[in-house]
$ cat coords_0.csv   # CSV, C-alpha atoms
chain,number,residue,atom,x,y,z
C,218,MET,CA,0.0,0.0,0.0
C,219,GLU,CA,1.3,3.5,-0.9
C,220,LEU,CA,0.8,5.9,2.0
C,221,PHE,CA,1.9,8.9,-0.1
C,222,ASN,CA,1.5,9.9,-3.7
C,223,GLU,CA,4.1,11.5,-6.0
C,224,ASN,CA,3.1,15.0,-4.8
C,225,GLY,CA,3.9,14.0,-1.2
C,226,CYS,CA,0.3,14.0,-0.1
C,227,LEU,CA,-1.5,11.1,1.7
C,228,THR,CA,-3.3,8.7,-0.7
C,229,ASP,CA,-7.0,7.8,-0.1
C,230,GLU,CA,-6.1,4.3,0.9
C,231,GLY,CA,-3.4,5.7,3.2
C,232,LEU,CA,-6.0,7.9,5.0
C,233,GLN,CA,-8.4,5.0,5.2
C,234,ALA,CA,-5.6,2.8,6.7
C,235,LEU,CA,-5.0,5.5,9.3
C,236,VAL,CA,-8.7,5.7,10.2
C,237,ASN,CA,-8.9,1.9,10.4
C,238,GLY,CA,-5.7,1.7,12.6
C,239,GLN,CA,-3.8,-0.4,10.0
C,240,LEU,CA,-0.6,1.7,9.9
C,241,ASP,CA,2.7,0.7,11.6
C,242,GLU,CA,4.5,3.2,13.9
C,243,LEU,CA,6.6,4.7,11.1
C,244,GLY,CA,3.5,5.1,8.9
C,245,ARG,CA,1.7,6.8,11.8
C,246,LEU,CA,4.6,9.1,12.4
C,247,GLU,CA,4.8,10.0,8.7
C,248,ALA,CA,1.0,10.7,8.6
C,249,ALA,CA,1.1,12.8,11.7
C,250,GLU,CA,4.0,14.8,10.3
C,251,HIS,CA,2.1,15.4,7.1
C,252,LEU,CA,-1.2,16.3,8.7
C,253,SER,CA,0.6,18.9,10.9
C,254,TYR,CA,1.3,21.1,7.9
C,255,CYS,CA,-0.9,20.0,4.9
C,256,ASP,CA,-4.3,21.8,5.0
C,257,HIS,CA,-5.6,19.8,2.0
C,258,CYS,CA,-5.0,16.4,3.6
C,259,LEU,CA,-6.2,17.6,7.0
C,260,ASP,CA,-9.5,18.6,5.4
C,261,ARG,CA,-9.8,15.2,3.8
C,262,TYR,CA,-8.9,13.5,7.1
C,263,THR,CA,-11.4,15.4,9.2
C,264,ALA,CA,-14.1,14.8,6.6
C,265,LEU,CA,-13.6,11.1,7.2
C,266,LEU,CA,-14.1,11.5,11.0
C,267,THR,CA,-17.8,11.6,11.0
C,268,ALA,CA,-19.9,11.0,14.1
C,269,ASP,CA,-20.0,7.2,13.7
C,270,ALA,CA,-16.2,7.1,13.4
C,271,LEU,CA,-15.5,9.0,16.6
C,272,GLU,CA,-14.4,7.3,19.8
C,273,GLU,CA,-15.2,8.5,23.2
C,274,PRO,CA,-12.2,8.8,25.6
C,275,PRO,CA,-12.2,6.3,28.5
C,276,ARG,CA,-12.5,9.2,31.0
C,277,SER,CA,-14.0,12.6,30.2
C,278,VAL,CA,-11.3,15.1,29.4
C,279,HIS,CA,-13.6,18.0,30.0
C,280,LYS,CA,-13.3,18.0,33.8
C,281,THR,CA,-9.5,17.7,33.9
C,282,VAL,CA,-8.9,20.3,31.2
C,283,MET,CA,-11.2,22.9,32.7
C,284,GLY,CA,-9.8,22.2,36.2
C,285,THR,CA,-6.3,22.9,35.0
C,286,ILE,CA,-7.4,26.0,33.2
C,287,TRP,CA,-9.1,27.3,36.3
C,288,VAL,CA,-6.0,26.7,38.4
C,289,ARG,CA,-3.9,28.6,35.9
C,290,LEU,CA,-6.3,31.4,35.7
C,291,MET,CA,-6.3,31.7,39.5
C,292,GLN,CA,-2.6,31.6,39.6
C,293,ASN,CA,-2.2,34.3,37.0
C,294,THR,CA,-5.0,36.8,37.8
C,295,TRP,CA,-6.3,36.2,41.3
C,296,GLY,CA,-2.9,35.2,42.6
C,297,ARG,CA,-1.5,38.7,42.0
C,298,ALA,CA,-4.6,40.4,43.3
C,299,ALA,CA,-4.5,38.2,46.5
C,300,VAL,CA,-0.9,39.1,47.1
C,301,ALA,CA,-1.6,42.8,46.6
C,302,GLY,CA,-4.6,42.6,48.9
C,303,VAL,CA,-2.7,40.8,51.7
C,304,ALA,CA,0.1,43.4,51.5
C,305,ALA,CA,-2.5,46.3,51.7
C,306,VAL,CA,-4.2,44.7,54.8
C,307,LEU,CA,-0.8,44.1,56.5
C,308,ALA,CA,0.2,47.7,55.9
C,309,LEU,CA,-3.1,49.0,57.2
C,310,THR,CA,-2.9,46.8,60.3
C,311,MET,CA,0.6,47.9,61.1
C,312,TRP,CA,-0.4,51.6,60.7
C,313,ARG,CA,-3.5,51.2,62.9
C,314,SER,CA,-1.8,49.2,65.6
C,315,GLY,CA,1.0,51.8,66.0
C,316,THR,CA,3.7,49.4,64.8
C,317,VAL,CA,4.9,52.1,62.4
C,318,GLU,CA,5.3,54.7,65.1
C,319,GLN,CA,7.1,52.1,67.3
C,320,LEU,CA,9.5,51.5,64.5
C,321,MET,CA,10.0,55.2,64.0
C,322,GLY,CA,10.7,55.6,67.7
C,323,LEU,CA,13.1,52.8,67.6
C,324,ARG,CA,14.9,54.4,64.7
C,325,GLN,CA,15.3,57.7,66.6
C,326,GLN,CA,16.6,55.7,69.6
C,327,VAL,CA,19.2,54.0,67.5
C,328,LYS,CA,20.2,57.3,66.0
C,329,SER,CA,20.7,58.9,69.4
C,330,TRP,CA,23.0,56.0,70.4
C,331,THR,CA,25.3,56.5,67.5
C,332,PRO,CA,28.1,59.2,67.7
C,333,GLY,CA,27.4,62.5,66.0
C,334,VAL,CA,28.7,63.0,62.5
C,335,SER,CA,31.3,65.7,62.1
C,336,GLN,CA,31.0,68.5,59.5
C,337,SER,CA,33.8,67.1,57.4
C,338,GLN,CA,32.2,63.7,57.3
C,339,GLN,CA,29.0,65.3,56.3
C,340,GLN,CA,30.7,67.1,53.5
C,341,ASP,CA,32.4,63.9,52.4
C,342,ALA,CA,29.0,62.2,52.5
C,343,GLU,CA,27.5,65.0,50.4
C,344,GLY,CA,30.5,65.0,48.0
C,345,PRO,CA,29.3,62.8,45.2
C,346,LEU,CA,26.0,64.7,45.2
C,347,ARG,CA,27.7,68.0,44.6
C,348,LEU,CA,29.5,66.8,41.6
C,349,GLY,CA,28.2,68.2,38.3
C,350,ARG,CA,26.6,71.3,40.0
C,351,PRO,CA,27.6,74.7,38.8
C,352,VAL,CA,30.2,76.5,40.8
C,353,ASN,CA,28.1,79.6,41.6
C,354,ASP,CA,25.1,77.7,42.7
C,355,ASP,CA,24.3,80.4,45.3
C,356,TYR,CA,23.7,82.9,42.6
C,357,GLN,CA,20.1,84.1,42.5
C,358,PRO,CA,19.0,85.3,39.1
C,359,ALA,CA,17.3,88.7,39.1
C,360,ASP,CA,13.7,89.2,38.3
C,361,GLU,CA,12.8,88.9,34.7
C,362,GLN,CA,13.9,91.9,32.7
C,363,PRO,CA,13.5,92.9,29.1
C,364,LEU,CA,16.2,91.6,26.8
C,365,GLY,CA,18.9,94.0,25.6
C,366,GLN,CA,19.3,95.9,28.9
C,367,PRO,CA,22.5,95.7,30.9
C,368,VAL,CA,22.1,93.6,34.0
C,369,GLU,CA,22.8,95.7,37.1
C,370,THR,CA,23.8,93.8,40.1
C,371,ALA,CA,23.6,95.7,43.4
C,372,GLU,CA,26.9,94.4,44.7
C,373,PRO,CA,29.6,92.3,43.2
C,374,GLN,CA,28.9,88.6,43.3
C,375,LYS,CA,30.8,86.7,45.9
C,376,PRO,CA,33.0,84.2,44.1
C,377,ALA,CA,33.0,80.7,45.2
C,378,ARG,CA,35.9,79.0,46.8
C,379,PHE,CA,36.8,77.0,43.7
C,380,THR,CA,36.9,80.2,41.6
C,381,ASP,CA,39.3,81.8,44.1
C,382,ALA,CA,41.6,78.8,44.0
C,383,LEU,CA,41.5,78.9,40.2
C,384,ASN,CA,42.3,82.6,40.0
C,385,THR,CA,45.2,82.2,42.4
C,386,LEU,CA,46.5,79.3,40.4
C,387,LEU,CA,46.2,81.1,37.1
C,388,PHE,CA,47.0,84.7,37.9
C,389,GLY,CA,49.0,84.3,41.1
C,390,ARG,CA,46.8,86.7,43.1
C,391,ARG,CA,43.2,86.8,44.0
C,392,ASP,CA,42.2,90.3,42.7
C,393,ALA,CA,43.6,89.8,39.2
C,394,ALA,CA,40.2,89.0,37.7
C,395,ASP,CA,38.6,91.8,39.6
C,396,SER,CA,41.1,94.4,38.4
C,397,THR,CA,40.6,93.5,34.7
C,398,HIS,CA,36.9,93.6,35.3
C,399,ASN,CA,37.2,97.1,36.8
C,400,THR,CA,39.2,98.4,33.8
C,401,THR,CA,36.8,97.1,31.3
C,402,THR,CA,33.9,98.7,33.1
C,403,GLU,CA,35.8,102.0,33.3
C,404,THR,CA,36.4,102.1,29.5
C,405,THR,CA,32.8,101.3,28.8
C,406,THR,CA,31.6,104.2,31.0
C,407,LYS,CA,34.0,106.6,29.3
I,75,MET,CA,-13.5,33.3,23.6
I,76,THR,CA,-14.7,33.1,27.2
I,77,THR,CA,-14.0,30.2,29.5
I,78,LEU,CA,-17.6,29.1,29.2
I,79,GLU,CA,-17.4,29.0,25.4
I,80,PHE,CA,-14.1,27.1,25.6
I,81,SER,CA,-15.7,24.7,28.0
I,82,ALA,CA,-18.5,24.1,25.5
I,83,MET,CA,-15.9,23.6,22.8
I,84,VAL,CA,-14.1,21.0,24.9
I,85,GLN,CA,-17.3,19.1,25.5
I,86,LYS,CA,-18.2,19.2,21.8
I,87,TYR,CA,-14.8,18.2,20.3
I,88,GLN,CA,-13.3,15.9,22.9
I,89,ALA,CA,-14.3,12.8,21.0
I,90,LEU,CA,-12.8,14.1,17.8
I,91,VAL,CA,-9.5,15.1,19.4
I,92,TYR,CA,-9.3,11.8,21.2
I,93,THR,CA,-10.0,9.9,18.0
I,94,VAL,CA,-7.2,11.7,16.1
I,95,CYS,CA,-4.8,11.1,19.0
I,96,HIS,CA,-5.8,7.4,19.3
I,97,GLN,CA,-5.5,6.8,15.6
I,98,LEU,CA,-2.0,8.1,15.6
I,99,VAL,CA,-1.0,6.8,19.0
I,100,PRO,CA,-2.6,3.4,19.7
I,101,ASP,CA,-2.1,3.4,23.5
I,102,ALA,CA,-5.3,4.6,25.1
I,103,GLY,CA,-3.7,6.2,28.1
I,104,ASP,CA,-1.2,8.1,25.9
I,105,ALA,CA,-4.0,9.2,23.6
I,106,GLN,CA,-6.0,10.5,26.6
I,107,ASP,CA,-2.9,12.5,27.8
I,108,LEU,CA,-2.4,13.9,24.4
I,109,THR,CA,-6.1,14.9,24.2
I,110,GLN,CA,-5.7,16.9,27.4
I,111,GLU,CA,-2.5,18.5,26.2
I,112,THR,CA,-4.2,19.4,22.9
I,113,PHE,CA,-7.0,21.3,24.7
I,114,LEU,CA,-4.6,23.0,27.0
I,115,ALA,CA,-2.5,24.1,24.0
I,116,ALA,CA,-5.6,25.2,22.3
I,117,TRP,CA,-6.6,27.3,25.3
I,118,ARG,CA,-3.2,29.0,25.3
I,119,ALA,CA,-3.5,29.9,21.5
I,120,ILE,CA,-7.3,30.4,21.4
I,121,ASP,CA,-6.9,33.8,19.8
I,122,ARG,CA,-5.4,32.1,16.7
I,123,CYS,CA,-8.4,29.8,16.2
I,124,PRO,CA,-10.0,30.7,12.8
I,125,PRO,CA,-13.7,31.1,13.4
I,126,GLY,CA,-15.7,28.3,11.8
I,127,TYR,CA,-12.7,26.0,11.5
I,128,GLU,CA,-12.5,24.8,15.1
I,129,LYS,CA,-12.6,21.1,14.0
I,130,GLN,CA,-9.6,21.4,11.6
I,131,TRP,CA,-7.7,23.6,14.0
I,132,LEU,CA,-8.1,21.1,16.9
I,133,ALA,CA,-7.2,18.2,14.6
I,134,ARG,CA,-4.1,20.0,13.6
I,135,ILE,CA,-3.0,20.6,17.2
I,136,ALA,CA,-3.8,17.0,18.0
I,137,SER,CA,-1.7,15.7,15.1
I,138,ASN,CA,1.1,18.0,16.1
I,139,LYS,CA,1.1,16.6,19.6
I,140,ALA,CA,1.0,13.0,18.3
I,141,LYS,CA,3.8,13.8,15.9
I,142,ASP,CA,6.0,15.1,18.7
I,143,TYR,CA,5.2,12.0,20.8
I,144,LEU,CA,5.8,9.6,18.0
I,145,ARG,CA,9.0,11.3,16.9
I,146,SER,CA,10.5,11.2,20.4
I,147,ALA,CA,9.4,7.6,20.8
I,148,TRP,CA,10.9,6.6,17.4
I,149,VAL,CA,14.1,8.4,18.1
I,150,ARG,CA,14.4,6.8,21.5
I,151,ARG,CA,13.9,3.3,20.1
I,152,VAL,CA,15.9,3.7,16.9
I,153,ASN,CA,19.0,5.4,18.5
I,154,THR,CA,19.6,2.5,20.8
I,155,PRO,CA,23.1,0.9,21.3
I,156,GLY,CA,23.7,-1.2,18.3
I,157,ASP,CA,23.7,1.6,15.7
I,158,GLU,CA,27.5,1.4,15.8
I,159,VAL,CA,27.0,-1.7,13.5
I,160,LEU,CA,26.5,0.8,10.7
I,161,ALA,CA,29.9,2.4,11.3
I,162,LEU,CA,32.6,1.2,8.9
I,163,GLU,CA,36.3,0.8,9.6
I,164,GLY,CA,38.5,3.6,8.3
I,165,ALA,CA,35.8,6.2,8.3
I,166,PRO,CA,36.6,9.6,9.8
I,167,PRO,CA,35.9,9.5,13.6
I,168,GLY,CA,33.0,11.6,14.8
I,169,SER,CA,30.9,11.3,11.6
I,170,GLN,CA,27.5,9.8,11.6
I,171,PRO,CA,27.3,6.0,11.0
I,172,GLU,CA,24.8,6.3,8.2
I,173,GLN,CA,26.9,9.1,6.6
I,174,GLN,CA,30.0,6.8,6.8
I,175,VAL,CA,28.0,4.1,4.9
I,176,LEU,CA,26.8,6.7,2.3
I,177,ASP,CA,30.4,8.0,1.8
I,178,THR,CA,31.6,4.5,0.7
I,179,LEU,CA,29.1,4.5,-2.2
I,180,GLY,CA,29.8,5.8,-5.8
I,181,GLU,CA,28.0,9.0,-6.8
I,182,GLU,CA,25.8,7.5,-9.5
I,183,GLU,CA,24.8,4.6,-7.3
I,184,LEU,CA,23.9,7.0,-4.4
I,185,THR,CA,22.0,9.3,-6.7
I,186,GLN,CA,19.9,6.5,-8.0
I,187,MET,CA,19.2,5.2,-4.5
I,188,ILE,CA,18.0,8.6,-3.4
I,189,LEU,CA,15.8,9.0,-6.4
I,190,ASP,CA,14.3,5.5,-5.7
I,191,LEU,CA,13.3,6.5,-2.1
I,192,ARG,CA,9.6,6.7,-1.5
I,193,GLU,CA,7.8,9.9,-0.5
I,194,PRO,CA,7.9,11.7,1.9
I,195,TYR,CA,11.7,11.1,1.9
I,196,LYS,CA,12.6,11.4,-1.8
I,197,THR,CA,12.0,15.2,-2.2
I,198,PRO,CA,13.8,16.4,1.0
I,199,CYS,CA,16.7,14.0,0.5
I,200,ARG,CA,17.1,15.0,-3.2
I,201,LEU,CA,17.2,18.7,-2.2
I,202,VAL,CA,19.6,18.3,0.7
I,203,LEU,CA,21.8,15.4,-0.3
I,204,LEU,CA,22.0,15.8,-4.1
I,205,GLU,CA,21.3,19.5,-4.7
I,206,GLN,CA,23.2,20.6,-1.6
I,207,HIS,CA,20.4,22.9,-0.3
I,208,THR,CA,20.3,23.6,3.5
I,209,ALA,CA,17.4,22.2,5.4
I,210,ALA,CA,15.8,25.6,5.6
I,211,GLN,CA,16.1,26.1,1.9
I,212,ALA,CA,14.7,22.6,1.2
I,213,ALA,CA,11.8,23.3,3.6
I,214,GLN,CA,11.0,26.4,1.7
I,215,LEU,CA,11.2,24.7,-1.7
I,216,CYS,CA,9.0,21.7,-0.8
I,217,GLY,CA,6.6,23.7,1.5
I,218,ARG,CA,7.3,21.7,4.7
I,219,PRO,CA,8.4,22.9,8.1
I,220,PRO,CA,12.2,22.9,8.5
I,221,LYS,CA,12.1,20.5,11.5
I,222,THR,CA,10.0,18.0,9.5
I,223,VAL,CA,12.5,18.3,6.6
I,224,GLU,CA,15.4,17.7,9.0
I,225,ALA,CA,13.7,14.7,10.5
I,226,GLN,CA,12.8,13.3,7.1
I,227,VAL,CA,16.4,13.7,5.8
I,228,TYR,CA,17.7,12.0,8.9
I,229,ARG,CA,15.3,9.0,8.5
I,230,GLY,CA,16.0,9.0,4.8
I,231,LYS,CA,19.8,8.6,5.5
I,232,LYS,CA,19.1,5.8,7.9
I,233,MET,CA,16.9,4.0,5.2
I,234,LEU,CA,19.6,4.4,2.6
I,235,ALA,CA,22.3,3.1,5.0
I,236,GLN,CA,20.1,0.0,5.8
I,237,GLN,CA,19.5,-0.6,2.1
I,238,ILE,CA,23.3,-0.4,1.3
I,239,LEU,CA,24.1,-2.8,4.2
I,240,ALA,CA,21.4,-5.2,3.1
I,241,GLN,CA,22.7,-5.1,-0.4
I,242,ARG,CA,26.3,-5.8,0.7
I,243,GLU,CA,25.2,-8.8,2.8
I,244,ASN,CA,23.5,-10.2,-0.3
I,245,ASP,CA,26.6,-9.6,-2.4
I,246,GLU,CA,28.7,-11.4,0.2
I,247,ARG,CA,26.3,-14.3,0.4
I,248,ARG,CA,26.4,-14.6,-3.4
I,249,SER,CA,30.2,-14.6,-3.6
I,250,VAL,CA,30.4,-17.3,-0.8
I,251,HIS,CA,27.9,-19.4,-2.7
I,252,GLY,CA,29.8,-18.8,-6.0
I,253,ALA,CA,33.1,-19.9,-4.3
I,254,VAL,CA,31.4,-23.1,-2.9
$ encode --input "coords_0.csv" --output "structure tokens"
Amino acid sequence: MELFNENGCLTDEGLQALVNGQLDELGRLEAAEHLSYCDHCLDRYTALLTADALEEPPRSVHKTVMGTIWVRLMQNTWGRAAVAGVAAVLALTMWRSGTVEQLMGLRQQVKSWTPGVSQSQQQDAEGPLRLGRPVNDDYQPADEQPLGQPVETAEPQKPARFTDALNTLLFGRRDAADSTHNTTTETTTK
Amino acid sequence: MTTLEFSAMVQKYQALVYTVCHQLVPDAGDAQDLTQETFLAAWRAIDRCPPGYEKQWLARIASNKAKDYLRSAWVRRVNTPGDEVLALEGAPPGSQPEQQVLDTLGEEELTQMILDLREPYKTPCRLVLLEQHTAAQAAQLCGRPPKTVEAQVYRGKKMLAQQILAQRENDERRSVHGAV
């Protein structure tokens, strides 16, 4: 018996042999492989599976399948909701019973036991946070003024420490930058 | 599709799915397991079910499940110790036993043997072994899934190797009879 024709599709007698359970293991494997991709042969095969040719499973599959699906649904949807609900109830209980205040008090107590932090240590701790900030970060911009007008500052801006150090390093003295600034302002007023 | 609708679908098609599984896998217990797996896979991919084609769609999933089961069972049984019998002396180490057997054959003889293979092995073996296409290219050319083509070429090689060995045994017997 030829299971496949020259086009590689299942023959009529091959399909009939499959329905009658007359194929060996290799034949069944070949038929299953073919039915898994060939729409034409799958249509022919399902057409042969009429009501009188169908077999009932020994045990009903319905209950097991639906049970498994319900369990998975519960795990996916309700499981997350249940975890969130339990967490919310726990937080509320802790808040209402004063556990949170107790914990805060405990924290304060622990803080008071530890030695005070020195200023230099505080600066060290703040060091990385200050990186990337502009040098003159204490400069407060004046109120919004129309463009094109010279900006008048009431008093000269106090330079930051880093600027001082840079001026000293570059010009040898601290007021070098100030003197040049003064001369330029004088020339402009003249 | 809601869970209730899917439940109704399971009720309606469980006999069909079980029949497909049982016709491909004769053991009733295995067929029952495959039926359950089919419906669970169908539930996971329910959005891809073409409306009005539930019967064909479920039959396809069932045949896929049966194919995977049969393929692993066949591979388990065929690749048992004893395959080394196919290996020939002097063949490069590490090569497949059936490939070693095929390498000993002349080109014309091998070509004829491949062309004499039956379907579904002839087309993929011709494309891969004679025309030197990759499995992916051969799959595209003959409209089959790449995994199926790989499996068919693998089994085709085994068939060819068995044919060659059987032919050799016959030749040896004839020569012994001739000498006697």
$ residues_around --input "coords_0.csv" --residues "Val278 (chain C)" --least-positions-apart "3" --cutoff "9 Å" --atoms "all atoms listed in the file" --output "number ranges by chain"
C: 274-275, 281-283; I: 84-85, 88, 106-107, 109-110, 113
$ atom_distance --input "coords_0.csv" --atom1 "CA of Val317 (chain C)" --atom2 "CA of Val300 (chain C)"
20.9 Å
$ interface_residues --input "coords_0.csv" --of "chain C" --to "chain I" --cutoff "8 Å" --atoms "all atoms listed in the file" --output "NGL selection string"
:C and (221-223 or 225 or 235-238 or 242-243 or 245-247 or 249-250 or 252-254 or 259-260 or 263 or 266 or 271-276 or 278-279 or 281-283 or 286)
